[in-house]
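Here is the structure we will look at, set down as C-alpha cells.
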Amino acid sequence: MEVFTPKTTRRSTRLRVEISLLLTSMDRRHPLSAQCVALLVSPQGCGLRASQALPIETPVLLGNLPNGTTASGRVANCLPLGNDGKYFLIGISLYNHGNVWGIADPPEDWNCAADPNAASAASPSHPGTAKKSKPAWPYNLASAPR
C-alpha cells in the first residue's frame, strides 16, 4: 500500500550567508552567550553554527546583527556537526518574522522590504549630496521554495 502525503512547501527562500552574530540564551538553566555564525537565513529564522548545544524551545536573543538591531526567537532544533562535539547547528525560529539580516535585495517571496536605512541612504534628499551606499550583502540562494 502506498501512502500519499501532500508535498510540503517552504515558506520562503533560504539564503546561504556568513553573518557573525551574538547568540544569548534567555534561559538561566542553559546559560550561553557566544559569537556564532549564521549559515542559512530566511525571514522566519536561521541556521547557525555554535560551539555549545541548546535544548529545543530555549528562548534566545540574536545581537550584533548587520542592521544594528537585535531579534528574539527560540531554538527549533539542534544537531551536532561531526563526531567531535566541537560545533552544533542550531535552528532558530524568530518570534517576529522579517529581514533582520540586512539583506539589501531580498527574494520576492520574503514579502518584506529591504533594510529601510539602506533605502534612505541610497536615495539622497538633496540631489548634489549623494551619500556613499554600503555594498550589497553577498548571498547565494540555498534552495528554491518547494
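Chain identifiers are assigned as A, B, and so on, following the order in which chains appear in the C-alpha cells; residues are numbered from 1 within each chain, and ligands are numbered from 1 in order of appearance.
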
Write out as a PyMOL selection string each polymer residue whose atoms come within 12 Å of range 20-27 of chain A, counting only C-alpha atoms; drop sequence neighbours fewer than 5 positions from it. chain A and resi 32-40+46-75+90-92+100-101

Strand (DSSP E or B) call set, DSSP backbone run, range 8-112 of chain A, as a VMD selection string: chain A and resid 14 to 25 33 to 42 45 to 50 59 to 63 71 to 81 87 to 94

So how far away is CA of Gly45 in chain A from CA of Asn77 in chain A, in Å? 11.5 Å

So which residues touch range 108-111 of chain A within 7 Å, counting only C-alpha atoms, skipping near sequence neighbours fewer than 2 positions away, as an MDAnalysis selection string? chainID A and resid 12:13 43 106 113

Output N, CA and C atoms for every residue in that selection, as a compact mmCIF listing (two decimals), in the first residue's frame.
```
# COMPACT_ATOMS: atom_id res chain seq x y z
N SER A 12 9.57 30.41 2.53
CA SER A 12 10.34 31.40 1.77
C SER A 12 11.72 30.84 1.47
N THR A 13 12.39 31.49 0.55
CA THR A 13 13.73 31.08 0.13
C THR A 13 14.72 31.24 1.27
N PRO A 43 13.27 34.92 6.45
CA PRO A 43 12.55 35.84 7.33
C PRO A 43 12.01 35.16 8.59
N PRO A 106 16.26 41.38 -0.87
CA PRO A 106 15.77 40.05 -0.51
C PRO A 106 14.93 39.44 -1.63
N ALA A 113 10.32 44.45 2.92
CA ALA A 113 11.18 45.43 2.29
C ALA A 113 12.62 45.20 2.73
```

When you count only C-alpha atoms, which of these residues is closest to Ala76 in chain A: A:Val17, A:Gln44, A:Ile103, A:Arg11? A:Gln44

For a test of reading the model, state the distance in Å between CA of Arg14 in chain A and CA of Asn96 in chain A, rounded to one decimal. 16.7 Å

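Here CA of Leu79 in chain A stands at a distance of 24.7 Å from CA of Asn99 in chain A.
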